[in-house]
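One file, work29.cif, is given below (mmCIF, C-alpha atoms).
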```cif
data_my_file
loop_
_atom_site.label_atom_id
_atom_site.label_comp_id
_atom_site.auth_asym_id
_atom_site.auth_seq_id
_atom_site.Cartn_x
_atom_site.Cartn_y
_atom_site.Cartn_z
CA MET I 1 -0.26 16.33 60.03
CA GLN I 2 -2.07 19.58 59.41
CA THR I 3 -0.89 22.75 61.12
CA ILE I 4 -2.88 25.70 62.30
CA PRO I 5 -2.17 28.80 60.19
CA GLN I 6 -0.31 31.56 61.97
CA ASN I 7 -0.96 35.32 61.97
CA ASN I 8 -4.53 34.83 60.73
CA ALA I 9 -3.23 33.90 57.28
CA GLU I 10 -4.91 31.35 55.05
CA GLN I 11 -3.46 27.89 54.55
CA GLN I 12 -3.90 25.90 51.33
CA LEU I 13 -4.59 22.21 51.95
CA LEU I 14 -5.08 19.33 49.53
CA TYR I 15 -8.15 17.47 50.72
CA LYS I 16 -8.69 14.99 47.90
CA LYS I 17 -6.81 13.66 44.89
CA VAL I 18 -8.46 11.42 42.28
CA GLY I 19 -6.20 10.52 39.39
CA ASP I 20 -4.81 13.78 38.06
CA SER I 21 -7.53 15.88 39.70
CA GLU I 22 -6.56 17.69 42.89
CA ASN I 23 -9.09 19.37 45.13
CA ASP I 24 -7.80 22.01 47.51
CA LEU I 25 -9.31 24.11 50.23
CA LEU I 26 -8.25 27.39 51.76
CA PHE I 27 -8.47 27.45 55.55
CA PHE I 28 -8.86 30.80 57.30
CA PRO I 29 -8.70 30.70 61.12
CA PRO I 30 -10.81 32.98 63.31
CA THR I 31 -9.60 36.54 63.57
CA LYS I 32 -10.92 36.58 67.14
CA PRO I 33 -10.75 33.02 68.51
CA GLY I 34 -13.42 32.04 70.98
CA ASP I 35 -13.36 29.54 73.79
CA GLY I 36 -12.81 26.07 72.42
CA PRO I 37 -12.77 24.65 68.89
CA ALA I 38 -14.10 26.98 66.21
CA PRO I 39 -17.30 26.49 64.25
CA VAL I 40 -16.65 26.61 60.51
CA LEU I 41 -18.15 28.46 57.55
CA VAL I 42 -17.78 26.34 54.39
CA MET I 43 -17.88 28.40 51.17
CA ILE I 44 -18.74 26.64 47.91
CA PRO I 45 -18.29 28.29 44.49
CA GLY I 46 -20.64 27.99 41.54
CA GLY I 47 -19.83 27.98 37.86
CA GLY I 48 -22.31 25.54 36.35
CA TRP I 49 -20.91 22.47 38.16
CA GLN I 50 -17.64 22.91 36.28
CA ARG I 51 -14.29 23.04 38.07
CA ASN I 52 -13.89 26.30 39.96
CA THR I 53 -11.16 27.75 42.13
CA SER I 54 -11.26 27.57 45.90
CA VAL I 55 -10.87 31.31 46.24
CA SER I 56 -13.75 32.33 43.96
CA MET I 57 -16.57 31.97 46.50
CA TYR I 58 -14.38 33.43 49.22
CA ASN I 59 -13.92 36.53 47.08
CA MET I 60 -17.67 36.81 46.53
CA ALA I 61 -18.75 36.22 50.12
CA LYS I 62 -15.74 37.60 52.01
CA ARG I 63 -18.05 40.04 53.76
CA THR I 64 -19.93 37.15 55.37
CA ALA I 65 -16.72 35.28 56.20
CA ASP I 66 -15.18 38.35 57.84
CA ARG I 67 -18.26 38.83 60.04
CA LEU I 68 -18.21 35.22 61.18
CA ARG I 69 -14.44 35.12 61.73
CA GLU I 70 -14.81 38.10 64.05
CA GLN I 71 -17.25 35.93 66.04
CA GLY I 72 -14.85 33.02 66.42
CA PHE I 73 -15.56 31.06 63.25
CA ALA I 74 -12.99 29.59 60.91
CA ALA I 75 -13.75 29.85 57.18
CA VAL I 76 -13.02 27.33 54.45
CA ALA I 77 -13.23 27.91 50.68
CA LEU I 78 -13.37 24.83 48.44
CA SER I 79 -12.55 23.67 44.97
CA TYR I 80 -14.11 20.51 43.57
CA ARG I 81 -14.06 18.42 40.42
CA GLY I 82 -16.31 19.55 37.59
CA GLN I 83 -18.14 17.92 34.72
CA GLN I 84 -16.35 19.79 31.96
CA ALA I 85 -12.83 19.92 33.42
CA ASP I 86 -12.71 16.46 34.99
CA GLY I 87 -15.40 14.46 33.21
CA VAL I 88 -17.30 13.61 36.38
CA HIS I 89 -21.02 13.55 37.08
CA MET I 90 -23.18 15.04 39.81
CA ALA I 91 -22.56 12.11 42.16
CA GLU I 92 -18.79 12.63 42.13
CA ILE I 93 -19.14 16.40 42.42
CA THR I 94 -21.42 16.08 45.46
CA ALA I 95 -19.11 13.46 46.96
CA ASP I 96 -16.23 15.94 46.77
CA ILE I 97 -18.16 18.51 48.81
CA LEU I 98 -19.05 15.92 51.45
CA ASP I 99 -15.44 14.73 51.50
CA ALA I 100 -14.20 18.27 52.13
CA MET I 101 -16.39 18.35 55.23
CA GLY I 102 -15.23 14.88 56.19
CA TYR I 103 -11.63 16.02 55.78
CA LEU I 104 -12.27 18.86 58.20
CA ALA I 105 -13.70 16.37 60.68
CA ARG I 106 -10.66 14.09 60.27
CA HIS I 107 -8.29 16.99 61.07
CA ARG I 108 -10.45 18.75 63.66
CA GLU I 109 -7.81 18.61 66.41
CA ALA I 110 -4.97 20.05 64.34
CA LEU I 111 -7.18 22.78 62.91
CA TYR I 112 -8.91 23.31 66.27
CA ILE I 113 -12.39 23.26 64.78
CA ASP I 114 -15.74 21.71 65.69
CA PRO I 115 -17.06 19.64 62.74
CA MET I 116 -20.42 19.30 64.46
CA ARG I 117 -20.90 23.07 64.06
CA LEU I 118 -20.46 23.65 60.34
CA CYS I 119 -22.46 26.10 58.28
CA ALA I 120 -22.37 26.55 54.52
CA ILE I 121 -22.89 29.21 51.88
CA GLY I 122 -22.80 28.88 48.10
CA HIS I 123 -23.81 30.71 44.94
CA SER I 124 -25.59 29.17 41.95
CA ALA I 125 -24.22 25.64 41.45
CA GLY I 126 -22.37 26.17 44.73
CA ALA I 127 -25.70 26.94 46.42
CA HIS I 128 -27.09 23.67 45.08
CA LEU I 129 -24.08 21.79 46.45
CA ALA I 130 -24.26 23.59 49.80
CA LEU I 131 -27.92 22.59 50.14
CA GLN I 132 -27.18 19.00 49.12
CA ALA I 133 -24.37 18.73 51.67
CA ALA I 134 -26.57 20.23 54.39
CA TYR I 135 -29.59 18.04 53.64
CA MET I 136 -28.02 14.66 52.77
CA PRO I 137 -26.68 12.24 55.43
CA CYS I 138 -23.00 12.86 56.16
CA ASP I 139 -22.16 9.31 55.04
CA ALA I 140 -24.00 9.61 51.70
CA LEU I 141 -22.33 8.43 48.48
CA GLY I 142 -19.91 6.35 50.53
CA GLU I 143 -18.69 4.37 47.54
CA LEU I 144 -17.27 7.60 46.05
CA ARG I 145 -15.88 9.01 49.27
CA GLU I 146 -12.56 9.05 51.12
CA TYR I 147 -13.94 10.33 54.44
CA ALA I 148 -17.41 8.78 54.58
CA ASP I 149 -16.70 7.42 58.06
CA GLU I 150 -16.19 10.89 59.53
CA ARG I 151 -19.06 12.59 61.33
CA PHE I 152 -19.98 16.25 60.82
CA ALA I 153 -23.12 18.36 60.99
CA VAL I 154 -24.22 21.36 58.94
CA LYS I 155 -26.25 23.48 61.35
CA ALA I 156 -27.40 26.16 58.86
CA VAL I 157 -27.06 26.89 55.17
CA VAL I 158 -27.41 29.85 52.79
CA GLY I 159 -28.15 29.38 49.10
CA LEU I 160 -27.67 32.39 46.80
CA ALA I 161 -29.47 32.01 43.45
CA PRO I 162 -29.96 28.32 44.24
CA PRO I 163 -30.92 25.49 41.90
CA THR I 164 -33.17 23.42 44.17
CA LEU I 165 -34.56 20.83 41.79
CA MET I 166 -33.09 19.03 38.81
CA PRO I 167 -35.92 18.65 36.28
CA PHE I 168 -35.74 15.48 34.24
CA GLU I 169 -37.17 17.47 31.36
CA ASN I 170 -36.89 21.21 30.73
CA SER I 171 -39.75 23.06 32.32
CA ALA I 172 -40.84 26.44 33.58
CA PHE I 173 -38.84 25.76 36.75
CA TYR I 174 -35.45 26.12 35.11
CA THR I 175 -33.69 28.00 32.39
CA PRO I 176 -33.55 25.80 29.27
CA ILE I 177 -30.00 24.44 29.53
CA ASP I 178 -28.80 20.91 28.90
CA LEU I 179 -28.33 19.12 32.22
CA THR I 180 -27.83 15.67 30.71
CA PRO I 181 -23.98 15.69 30.85
CA LEU I 182 -24.20 16.02 34.64
CA PHE I 183 -25.97 12.72 35.17
CA SER I 184 -24.64 9.23 34.54
CA GLU I 185 -28.19 7.87 34.44
CA GLN I 186 -30.89 9.62 32.47
CA THR I 187 -33.74 8.72 34.80
CA GLU I 188 -36.11 10.83 36.84
CA ALA I 189 -34.96 9.01 39.99
CA GLU I 190 -31.34 10.05 39.39
CA TYR I 191 -32.32 13.68 38.85
CA ARG I 192 -34.41 13.63 42.02
CA ARG I 193 -31.50 12.11 43.93
CA PHE I 194 -29.58 15.35 43.43
CA SER I 195 -32.46 17.77 44.02
CA PRO I 196 -32.24 19.37 47.48
CA ILE I 197 -36.00 19.86 47.56
CA GLU I 198 -36.43 16.07 47.73
CA TYR I 199 -34.60 15.87 51.07
CA VAL I 200 -36.68 18.29 53.14
CA THR I 201 -37.90 16.92 56.47
CA PRO I 202 -38.69 18.60 59.80
CA ALA I 203 -35.03 17.90 60.75
CA THR I 204 -33.60 19.85 57.80
CA PRO I 205 -31.16 22.56 58.95
CA PRO I 206 -32.29 26.21 58.99
CA THR I 207 -32.03 27.59 55.49
CA MET I 208 -31.78 31.06 53.99
CA LEU I 209 -32.36 31.54 50.26
CA ALA I 210 -31.80 34.62 48.13
CA THR I 211 -32.88 35.18 44.55
CA GLY I 212 -33.03 38.04 42.07
CA THR I 213 -36.29 38.71 40.29
CA LYS I 214 -34.43 39.19 36.99
CA ASP I 215 -32.32 36.06 37.29
CA ASN I 216 -32.71 34.39 33.90
CA LEU I 217 -30.23 31.60 34.62
CA VAL I 218 -31.67 30.02 37.77
CA LEU I 219 -35.27 31.15 37.80
CA PRO I 220 -36.60 32.64 41.07
CA VAL I 221 -39.32 29.99 41.29
CA GLN I 222 -36.60 27.51 42.31
CA ALA I 223 -35.93 29.31 45.59
CA ASP I 224 -39.62 29.90 46.21
CA LEU I 225 -40.52 26.22 45.76
CA LEU I 226 -37.90 25.13 48.29
CA TYR I 227 -38.85 27.91 50.71
CA GLN I 228 -42.51 26.88 50.65
CA LYS I 229 -41.63 23.24 51.26
CA LEU I 230 -39.34 24.17 54.15
CA LYS I 231 -42.10 26.23 55.76
CA ARG I 232 -44.61 23.40 55.37
CA ALA I 233 -42.14 21.08 57.12
CA GLY I 234 -41.71 23.54 59.98
CA VAL I 235 -38.07 24.30 59.18
CA ALA I 236 -36.64 27.71 60.08
CA ALA I 237 -36.37 29.38 56.67
CA LYS I 238 -35.90 32.79 55.15
CA LEU I 239 -36.38 33.92 51.56
CA LEU I 240 -34.80 37.20 50.47
CA VAL I 241 -35.96 38.50 47.09
CA SER I 242 -33.80 41.13 45.39
CA ARG I 243 -35.91 43.33 43.10
CA ASP I 244 -34.61 43.79 39.56
CA ALA I 245 -31.38 41.92 40.33
CA ASN I 246 -29.75 39.37 38.06
CA HIS I 247 -28.05 36.04 38.80
CA GLY I 248 -25.10 37.74 40.49
CA PHE I 249 -27.38 40.19 42.35
CA GLU I 250 -26.27 43.09 40.20
CA PRO I 251 -28.96 45.81 40.09
CA LEU I 252 -30.71 46.26 36.75
CA ALA I 253 -32.87 49.24 37.75
CA PRO I 254 -32.35 52.37 39.89
CA ASP I 255 -34.47 51.07 42.77
CA ALA I 256 -33.18 47.50 42.65
CA GLY I 257 -32.23 45.71 45.79
CA PRO I 258 -31.25 44.65 48.28
CA GLU I 259 -27.82 44.44 46.67
CA LEU I 260 -25.16 41.84 47.39
CA PRO I 261 -23.47 43.53 50.40
CA ALA I 262 -26.78 43.68 52.26
CA ILE I 263 -27.57 40.09 51.31
CA LEU I 264 -24.20 38.95 52.66
CA ASP I 265 -24.82 40.83 55.91
CA GLU I 266 -28.18 39.10 56.29
CA SER I 267 -26.49 35.80 55.50
CA ALA I 268 -24.00 36.36 58.32
CA ASP I 269 -26.79 37.22 60.76
CA PHE I 270 -28.75 34.12 59.77
CA LEU I 271 -25.80 31.76 60.13
CA LEU I 272 -24.78 33.26 63.47
CA SER I 273 -28.32 32.70 64.74
CA TYR I 274 -28.27 28.96 64.13
CA THR I 275 -24.66 27.77 64.35
#
```
Please render this file's structure as structure tokens.
Amino acid sequence: MQTIPQNNAEQQLLYKKVGDSENDLLFFPPTKPGDGPAPVLVMIPGGGWQRNTSVSMYNMAKRTADRLREQGFAAVALSYRGQQADGVHMAEITADILDAMGYLARHREALYIDPMRLCAIGHSAGAHLALQAAYMPCDALGELREYADERFAVKAVVGLAPPTLMPFENSAFYTPIDLTPLFSEQTEAEYRRFSPIEYVTPATPPTMLATGTKDNLVLPVQADLLYQKLKRAGVAAKLLVSRDANHGFEPLAPDAGPELPAILDESADFLLSYT
């Protein structure tokens, strides 16, 4: 049985174990609880789809988490298996993210949360995974899941420097890196299966995207392509472009911006509007 953390302190929980690989999450309760179960901000780290620590995205986006926790949200920071550290592919990585949300749904009473009012934020590979989790059905990839029978809903999502399509061949849409180790099948259909842009419908959750014009890792066109498709589908969407900012939104010129703190504030406002 899970227990609710006391004194607004985080609690480390093991949400999934596969062989020797353990995935944990850090659960942070609201600093100002509201009436009833708390909505939840799910924070997903990047790092090139390699194993990353649960605290890394929390450290980056703590400003957003603090704002939401003051409004009655809980916050959760995830780890997940990675291609390099654990030898898994994109399907297993995505399944881990969905299972973390399913785990929250399974333990909703003990944690006093509302799994039908999740929102998500991620950076880089974490943005890709946040978008995938928000756009895919909550029972997707059931054969790889432990909690595929649990119901949850992502009401809004923020992708910072987001990969939005997985090109089967290198193109002008992506920095020229080798994506082949991430996919068990080298087919265009498999790459499309893990491209958030392929899942856009009028029912897609509200989405905010942020990109730096000098990002040479995930090219800005990725965010723009998804934004344009969201708008055509009638989805509530926002695209924030940071002038002369790199992949981590660090300014590369005197008049660069908006910088990361302002982006995180806008992220909090966006998520509060739709969750």
(request) Please write as a ChimeraX atom specification the full residue list that the PyMOL selection byres ((chain I and resi 92) around 9) yields on this file. (result) /I:81-82,88-91,93-97,141,144-145
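Closest approach to I:Cys138 among I:Ala161, I:Val18, I:Tyr103, I:Pro167: I:Tyr103, based on all atoms listed in the file.
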If we count all atoms listed in the file and set the cut-off at 10 Å, which residues sit around I:His247, ignoring sequence neighbours fewer than 4 positions away in its own chain? Please answer as a PDB file with C-alpha atoms, keeping the file's coordinate frame.
```
ATOM      1  CA  HIS I 123     -23.810  30.710  44.940  1.00  0.00           C
ATOM      2  CA  SER I 124     -25.590  29.170  41.950  1.00  0.00           C
ATOM      3  CA  LEU I 160     -27.670  32.390  46.800  1.00  0.00           C
ATOM      4  CA  ALA I 161     -29.470  32.010  43.450  1.00  0.00           C
ATOM      5  CA  PRO I 162     -29.960  28.320  44.240  1.00  0.00           C
ATOM      6  CA  THR I 211     -32.880  35.180  44.550  1.00  0.00           C
ATOM      7  CA  GLY I 212     -33.030  38.040  42.070  1.00  0.00           C
ATOM      8  CA  THR I 213     -36.290  38.710  40.290  1.00  0.00           C
ATOM      9  CA  LYS I 214     -34.430  39.190  36.990  1.00  0.00           C
ATOM     10  CA  ASP I 215     -32.320  36.060  37.290  1.00  0.00           C
ATOM     11  CA  ASN I 216     -32.710  34.390  33.900  1.00  0.00           C
ATOM     12  CA  LEU I 217     -30.230  31.600  34.620  1.00  0.00           C
ATOM     13  CA  VAL I 218     -31.670  30.020  37.770  1.00  0.00           C
ATOM     14  CA  LEU I 219     -35.270  31.150  37.800  1.00  0.00           C
ATOM     15  CA  PRO I 220     -36.600  32.640  41.070  1.00  0.00           C
ATOM     16  CA  PRO I 251     -28.960  45.810  40.090  1.00  0.00           C
TER      17      PRO I 251
END
```
(request) Between atom CA of I:Gly234 and atom CA of I:Ala203, measure the distance and give it in Å to one decimal. (result)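 Between atom CA of I:Gly234 and atom CA of I:Ala203 the gap is 8.8 Å.
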(message) If the PyMOL selection byres ((chain I and resi 264) around 10) were run on this exact file, what residues would it hold? Put them as a list in words.
(response) Met60, Ala61, Lys62, Arg63, Thr64, Ala65, Arg67, Ile121, Val158, Leu160, Ala210, Glu259, Leu260, Pro261, Ala262, Ile263, Asp265, Glu266, Ser267, Ala268, Asp269 and Phe270 of chain I
Same residues, C-alpha atoms, saved as a PDB file, keeping the file's coordinate frame:
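Full text of selection03.pdb as output:
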```pdb
ATOM      1  CA  MET I  60     -17.670  36.810  46.530  1.00  0.00           C
ATOM      2  CA  ALA I  61     -18.750  36.220  50.120  1.00  0.00           C
ATOM      3  CA  LYS I  62     -15.740  37.600  52.010  1.00  0.00           C
ATOM      4  CA  ARG I  63     -18.050  40.040  53.760  1.00  0.00           C
ATOM      5  CA  THR I  64     -19.930  37.150  55.370  1.00  0.00           C
ATOM      6  CA  ALA I  65     -16.720  35.280  56.200  1.00  0.00           C
ATOM      7  CA  ARG I  67     -18.260  38.830  60.040  1.00  0.00           C
ATOM      8  CA  ILE I 121     -22.890  29.210  51.880  1.00  0.00           C
ATOM      9  CA  VAL I 158     -27.410  29.850  52.790  1.00  0.00           C
ATOM     10  CA  LEU I 160     -27.670  32.390  46.800  1.00  0.00           C
ATOM     11  CA  ALA I 210     -31.800  34.620  48.130  1.00  0.00           C
ATOM     12  CA  GLU I 259     -27.820  44.440  46.670  1.00  0.00           C
ATOM     13  CA  LEU I 260     -25.160  41.840  47.390  1.00  0.00           C
ATOM     14  CA  PRO I 261     -23.470  43.530  50.400  1.00  0.00           C
ATOM     15  CA  ALA I 262     -26.780  43.680  52.260  1.00  0.00           C
ATOM     16  CA  ILE I 263     -27.570  40.090  51.310  1.00  0.00           C
ATOM     17  CA  ASP I 265     -24.820  40.830  55.910  1.00  0.00           C
ATOM     18  CA  GLU I 266     -28.180  39.100  56.290  1.00  0.00           C
ATOM     19  CA  SER I 267     -26.490  35.800  55.500  1.00  0.00           C
ATOM     20  CA  ALA I 268     -24.000  36.360  58.320  1.00  0.00           C
ATOM     21  CA  ASP I 269     -26.790  37.220  60.760  1.00  0.00           C
ATOM     22  CA  PHE I 270     -28.750  34.120  59.770  1.00  0.00           C
TER      23      PHE I 270
END
```
(request) Translate the PyMOL selection byres ((chain I and resi 99) around 12), as applied to the file shown, into an explicit residue set as JSON, numbers by chain. (result) {"I": [14, 15, 16, 17, 23, 24, 25, 78, 79, 80, 81, 92, 93, 94, 95, 96, 97, 98, 100, 101, 102, 103, 104, 105, 106, 133, 138, 139, 140, 141, 142, 143, 144, 145, 146, 147, 148, 149, 150, 151, 152]}
For the selection you just gave me, I'd like the residues written to a file as a compact mmCIF listing (two decimals), in the frame of the given file, keeping C-alpha atoms.
```
# COMPACT_ATOMS: atom_id res chain seq x y z
CA LEU I 14 -5.08 19.33 49.53
CA TYR I 15 -8.15 17.47 50.72
CA LYS I 16 -8.69 14.99 47.90
CA LYS I 17 -6.81 13.66 44.89
CA ASN I 23 -9.09 19.37 45.13
CA ASP I 24 -7.80 22.01 47.51
CA LEU I 25 -9.31 24.11 50.23
CA LEU I 78 -13.37 24.83 48.44
CA SER I 79 -12.55 23.67 44.97
CA TYR I 80 -14.11 20.51 43.57
CA ARG I 81 -14.06 18.42 40.42
CA GLU I 92 -18.79 12.63 42.13
CA ILE I 93 -19.14 16.40 42.42
CA THR I 94 -21.42 16.08 45.46
CA ALA I 95 -19.11 13.46 46.96
CA ASP I 96 -16.23 15.94 46.77
CA ILE I 97 -18.16 18.51 48.81
CA LEU I 98 -19.05 15.92 51.45
CA ALA I 100 -14.20 18.27 52.13
CA MET I 101 -16.39 18.35 55.23
CA GLY I 102 -15.23 14.88 56.19
CA TYR I 103 -11.63 16.02 55.78
CA LEU I 104 -12.27 18.86 58.20
CA ALA I 105 -13.70 16.37 60.68
CA ARG I 106 -10.66 14.09 60.27
CA ALA I 133 -24.37 18.73 51.67
CA CYS I 138 -23.00 12.86 56.16
CA ASP I 139 -22.16 9.31 55.04
CA ALA I 140 -24.00 9.61 51.70
CA LEU I 141 -22.33 8.43 48.48
CA GLY I 142 -19.91 6.35 50.53
CA GLU I 143 -18.69 4.37 47.54
CA LEU I 144 -17.27 7.60 46.05
CA ARG I 145 -15.88 9.01 49.27
CA GLU I 146 -12.56 9.05 51.12
CA TYR I 147 -13.94 10.33 54.44
CA ALA I 148 -17.41 8.78 54.58
CA ASP I 149 -16.70 7.42 58.06
CA GLU I 150 -16.19 10.89 59.53
CA ARG I 151 -19.06 12.59 61.33
CA PHE I 152 -19.98 16.25 60.82
```
(request) Could you please determine the separation between atom CA of I:Ala153 and atom CA of I:Leu131 in Å, to one decimal place? (result)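 Those two atoms sit 12.6 Å apart.
For the residues I:Lys229, I:Arg117, I:Lys238, I:His107, ranking by smallest atom-to-atom distance to I:Tyr199 using only C-alpha atoms places I:Lys229 first.
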(request) Give me, please, the distance in Å between atom CA of I:Gly87 and atom CA of I:Gln186, quoted to one decimal. (result)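 The value is 16.2 Å.
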